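Peer 1: Okay, handing you the structure first.
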Amino acid sequence: MVRTLASLFMCVLAGAFFAGPLQAQSIVGAWYFGDTRSDDSGVVVFLDNGYYFHIVNADAEDAPSGIDGFERGTYTWNATTGAFSATTLYNGDGDLGLSDLSGISGMVAAVEGDTLRVVIPGDDEDAVRLNRVTGARSIVGAWLEGNPTVPNGSGIVVFL
C-alpha cells in the first residue's frame with residue numbers, strides 16, 4: 001500500500017512538473033486576416049522558437065509601398081501582460097506586415113479563443129484581429145521546412 005501511494009505521488013509530481021503552471025492560450029500557430037480568397041489578406045505564423053513568417057496578398061491600393069510577398073523575423077510575447085514586439089530579418093512585402101511596426105513600443109497582443117487581437121498604440125483604428133487557422137482536415141495549418149534561424153534556410157506553407 002505504501003509503495004502504491006509512493007508511486008502514485010511520484011506520477012502526480014512528475015505530471016505537475018511537465019504540465020507546468022496554467023497559462024494563457026498560446027500565440028504559436030497560424031493566423032489569417034481578410035478574405036483569404038482575395039487581395040488584402042494574408043497569414044502570420046508564430047513558431048514556438050520565437051520566429052515568425054508573414055505572408056501577404058496585397059491590395060492594389062497598397063502599391064507601390066506594399067506588395068505581395070513575405071517577411072521573416074523574430075518576436076517576443078509575454079502571455080501574462082500581452083507585451084509584444086517583433087524584429088524583421090527579411091522584408092519582401094514592402095511596408096506591409098510586422099516590419100511596418102518596428103520600433104513601436106507598447107504593442108499588446110491577446111489570444112481570445114481562436115482570435116488574436118493586437119493593439120497598436122497611437123493607431124486610430126480598432127485593434128487588428130486575426131483568426132486562428134483551423135479546420136477538420138489534418139493538412140490544415142502551417143508546415144515548416146528547414147531552419148528559420150538560418151538566413152534563406154527555411155520556408156513555410158500554410159493550408160487553409
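Just remember, in the C-alpha cells the first chain shown is A, the second B, etc., residues are 1-based per chain, and ligands are 1-based in the order shown.
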Name the residues of region 36-105 of chain A that fall into strand (DSSP E) according to DSSP on the backbone, using the chain letters and numbers of this document, as an MDAnalysis selection string.

Peer 2: chainID A and resid 41:46 51:57 69:77 84:91

Peer 1: Could the residues in this selection be written to a file with C-alpha atoms, as a PDB file, in the first residue's frame?

Peer 2:
```pdb
ATOM      1  CA  SER A  41      -5.404  39.193 -46.972  1.00  0.00           C
ATOM      2  CA  GLY A  42      -2.682  37.010 -45.567  1.00  0.00           C
ATOM      3  CA  VAL A  43      -1.351  34.859 -42.776  1.00  0.00           C
ATOM      4  CA  VAL A  44       1.049  35.265 -39.890  1.00  0.00           C
ATOM      5  CA  VAL A  45       2.726  32.197 -38.409  1.00  0.00           C
ATOM      6  CA  PHE A  46       4.323  32.348 -34.969  1.00  0.00           C
ATOM      7  CA  TYR A  51      10.438  33.233 -35.162  1.00  0.00           C
ATOM      8  CA  TYR A  52       7.566  34.430 -37.333  1.00  0.00           C
ATOM      9  CA  PHE A  53       6.587  34.441 -41.000  1.00  0.00           C
ATOM     10  CA  HIS A  54       4.155  36.944 -42.531  1.00  0.00           C
ATOM     11  CA  ILE A  55       2.694  36.205 -45.967  1.00  0.00           C
ATOM     12  CA  VAL A  56       0.505  38.802 -47.670  1.00  0.00           C
ATOM     13  CA  ASN A  57      -1.610  39.120 -50.806  1.00  0.00           C
ATOM     14  CA  GLY A  69       5.314  38.859 -50.594  1.00  0.00           C
ATOM     15  CA  PHE A  70       6.515  37.670 -47.241  1.00  0.00           C
ATOM     16  CA  GLU A  71       8.732  38.559 -44.359  1.00  0.00           C
ATOM     17  CA  ARG A  72      10.519  36.575 -41.682  1.00  0.00           C
ATOM     18  CA  GLY A  73      11.707  37.664 -38.268  1.00  0.00           C
ATOM     19  CA  THR A  74      11.700  37.155 -34.539  1.00  0.00           C
ATOM     20  CA  TYR A  75       9.103  38.095 -31.971  1.00  0.00           C
ATOM     21  CA  THR A  76       8.655  38.244 -28.223  1.00  0.00           C
ATOM     22  CA  TRP A  77       5.328  37.889 -26.473  1.00  0.00           C
ATOM     23  CA  PHE A  84       4.515  42.124 -27.976  1.00  0.00           C
ATOM     24  CA  SER A  85       7.408  43.167 -30.210  1.00  0.00           C
ATOM     25  CA  ALA A  86       8.897  41.953 -33.484  1.00  0.00           C
ATOM     26  CA  THR A  87      12.160  42.337 -35.354  1.00  0.00           C
ATOM     27  CA  THR A  88      12.145  41.754 -39.106  1.00  0.00           C
ATOM     28  CA  LEU A  89      15.087  39.804 -40.516  1.00  0.00           C
ATOM     29  CA  TYR A  90      13.883  39.679 -44.145  1.00  0.00           C
ATOM     30  CA  ASN A  91      11.309  42.012 -45.670  1.00  0.00           C
TER      31      ASN A  91
END
```

Peer 1: Considering only C-alpha atoms, return as a ChimeraX atom specification whatever protein or nucleic-acid residues lie within 8 Å of Val119 (chain A), sequence-local ones (same chain, fewer than 3 positions apart) excluded.

Peer 2: /A:107-109,126-128

Peer 1: Which is closest to Ile27 (chain A) among A:Val111, A:Ile156, A:Val140, A:Leu98, if we use only C-alpha atoms?

Peer 2: A:Val111

Peer 1: Can you tell me, as a VMD selection string, what residues are no more than 12 Å from region 132-137 of chain A when counting only C-alpha atoms, ignoring any on the same chain fewer than 2 positions away?

Peer 2: chain A and resid 25 to 33 36 42 to 46 111 to 117 129 to 130 139 to 143 158 to 160

Peer 1: Would you mind exporting the chosen residues as an mmCIF file, in the first residue's frame, restricted to N, CA and C atoms?

Peer 2:
```cif
data_model
loop_
_atom_site.group_PDB
_atom_site.id
_atom_site.type_symbol
_atom_site.label_atom_id
_atom_site.label_comp_id
_atom_site.auth_asym_id
_atom_site.auth_seq_id
_atom_site.Cartn_x
_atom_site.Cartn_y
_atom_site.Cartn_z
ATOM 1 N N GLN A 25 -3.717 31.117 -23.442
ATOM 2 C CA GLN A 25 -3.576 30.400 -24.702
ATOM 3 C C GLN A 25 -2.348 30.886 -25.444
ATOM 4 N N SER A 26 -1.753 30.006 -26.205
ATOM 5 C CA SER A 26 -0.520 30.323 -26.904
ATOM 6 C C SER A 26 -0.771 31.119 -28.185
ATOM 7 N N ILE A 27 0.183 31.974 -28.485
ATOM 8 C CA ILE A 27 0.170 32.720 -29.740
ATOM 9 C C ILE A 27 0.732 31.861 -30.877
ATOM 10 N N VAL A 28 1.418 30.775 -30.516
ATOM 11 C CA VAL A 28 2.049 29.900 -31.505
ATOM 12 C C VAL A 28 0.995 29.294 -32.421
ATOM 13 N N GLY A 29 1.261 29.375 -33.726
ATOM 14 C CA GLY A 29 0.348 28.818 -34.719
ATOM 15 C C GLY A 29 0.178 29.759 -35.887
ATOM 16 N N ALA A 30 -0.758 29.416 -36.746
ATOM 17 C CA ALA A 30 -1.040 30.212 -37.944
ATOM 18 C C ALA A 30 -2.314 31.017 -37.732
ATOM 19 N N TRP A 31 -2.269 32.282 -38.154
ATOM 20 C CA TRP A 31 -3.385 33.218 -38.007
ATOM 21 C C TRP A 31 -3.617 33.896 -39.348
ATOM 22 N N TYR A 32 -4.874 34.060 -39.752
ATOM 23 C CA TYR A 32 -5.157 34.718 -41.031
ATOM 24 C C TYR A 32 -5.958 35.990 -40.813
ATOM 25 N N PHE A 33 -5.853 36.885 -41.810
ATOM 26 C CA PHE A 33 -6.641 38.112 -41.790
ATOM 27 C C PHE A 33 -7.205 38.336 -43.183
ATOM 28 N N THR A 36 -9.233 35.285 -47.397
ATOM 29 C CA THR A 36 -8.048 34.658 -47.990
ATOM 30 C C THR A 36 -8.278 34.199 -49.429
ATOM 31 N N GLY A 42 -3.934 37.701 -45.787
ATOM 32 C CA GLY A 42 -2.682 37.010 -45.567
ATOM 33 C C GLY A 42 -2.692 36.187 -44.311
ATOM 34 N N VAL A 43 -1.514 35.664 -43.974
ATOM 35 C CA VAL A 43 -1.351 34.859 -42.776
ATOM 36 C C VAL A 43 -0.084 35.285 -42.034
ATOM 37 N N VAL A 44 -0.120 35.090 -40.735
ATOM 38 C CA VAL A 44 1.049 35.265 -39.890
ATOM 39 C C VAL A 44 1.219 33.958 -39.128
ATOM 40 N N VAL A 45 2.442 33.442 -39.117
ATOM 41 C CA VAL A 45 2.726 32.197 -38.409
ATOM 42 C C VAL A 45 3.752 32.496 -37.329
ATOM 43 N N PHE A 46 3.409 32.193 -36.089
ATOM 44 C CA PHE A 46 4.323 32.348 -34.969
ATOM 45 C C PHE A 46 4.813 30.961 -34.569
ATOM 46 N N VAL A 111 -4.671 36.513 -26.972
ATOM 47 C CA VAL A 111 -5.393 35.422 -27.615
ATOM 48 C C VAL A 111 -6.694 35.234 -26.870
ATOM 49 N N GLU A 112 -7.789 35.311 -27.620
ATOM 50 C CA GLU A 112 -9.128 35.133 -27.060
ATOM 51 C C GLU A 112 -9.809 34.044 -27.871
ATOM 52 N N GLY A 113 -9.718 32.796 -27.415
ATOM 53 C CA GLY A 113 -10.256 31.674 -28.184
ATOM 54 C C GLY A 113 -9.462 31.492 -29.456
ATOM 55 N N ASP A 114 -10.122 31.609 -30.599
ATOM 56 C CA ASP A 114 -9.452 31.478 -31.890
ATOM 57 C C ASP A 114 -9.216 32.831 -32.547
ATOM 58 N N THR A 115 -9.168 33.895 -31.738
ATOM 59 C CA THR A 115 -8.910 35.247 -32.236
ATOM 60 C C THR A 115 -7.661 35.806 -31.570
ATOM 61 N N LEU A 116 -6.807 36.401 -32.385
ATOM 62 C CA LEU A 116 -5.635 37.115 -31.887
ATOM 63 C C LEU A 116 -5.920 38.594 -32.074
ATOM 64 N N ARG A 117 -5.917 39.337 -30.988
ATOM 65 C CA ARG A 117 -6.223 40.761 -31.009
ATOM 66 C C ARG A 117 -4.946 41.529 -30.693
ATOM 67 N N ARG A 129 -7.416 42.303 -35.745
ATOM 68 C CA ARG A 129 -7.921 40.987 -35.340
ATOM 69 C C ARG A 129 -7.553 39.959 -36.396
ATOM 70 N N LEU A 130 -6.980 38.869 -35.923
ATOM 71 C CA LEU A 130 -6.637 37.757 -36.793
ATOM 72 C C LEU A 130 -7.346 36.517 -36.267
ATOM 73 N N ILE A 139 -4.394 18.256 -42.846
ATOM 74 C CA ILE A 139 -3.370 19.045 -43.526
ATOM 75 C C ILE A 139 -3.478 20.535 -43.190
ATOM 76 N N VAL A 140 -4.617 20.975 -42.651
ATOM 77 C CA VAL A 140 -4.837 22.390 -42.366
ATOM 78 C C VAL A 140 -3.868 22.861 -41.284
ATOM 79 N N GLY A 141 -3.215 23.989 -41.543
ATOM 80 C CA GLY A 141 -2.272 24.573 -40.602
ATOM 81 C C GLY A 141 -0.999 24.986 -41.299
ATOM 82 N N ALA A 142 -0.003 25.332 -40.505
ATOM 83 C CA ALA A 142 1.283 25.789 -41.034
ATOM 84 C C ALA A 142 2.303 24.663 -40.940
ATOM 85 N N TRP A 143 3.103 24.537 -41.983
ATOM 86 C CA TRP A 143 4.119 23.486 -42.066
ATOM 87 C C TRP A 143 5.455 24.137 -42.387
ATOM 88 N N VAL A 158 1.213 27.245 -45.673
ATOM 89 C CA VAL A 158 0.002 27.275 -44.846
ATOM 90 C C VAL A 158 -1.161 26.766 -45.686
ATOM 91 N N PHE A 159 -1.824 25.753 -45.184
ATOM 92 C CA PHE A 159 -3.023 25.222 -45.830
ATOM 93 C C PHE A 159 -4.231 25.690 -45.033
ATOM 94 N N LEU A 160 -5.181 26.294 -45.743
ATOM 95 C CA LEU A 160 -6.394 26.811 -45.102
ATOM 96 C C LEU A 160 -7.533 25.832 -45.271
#
```

Peer 1: What is the CA of Gly34 (chain A) to CA of Ala58 (chain A) distance in Å?

Peer 2: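 Computed distance, CA of Gly34 (chain A) to CA of Ala58 (chain A), equals 10.6 Å.
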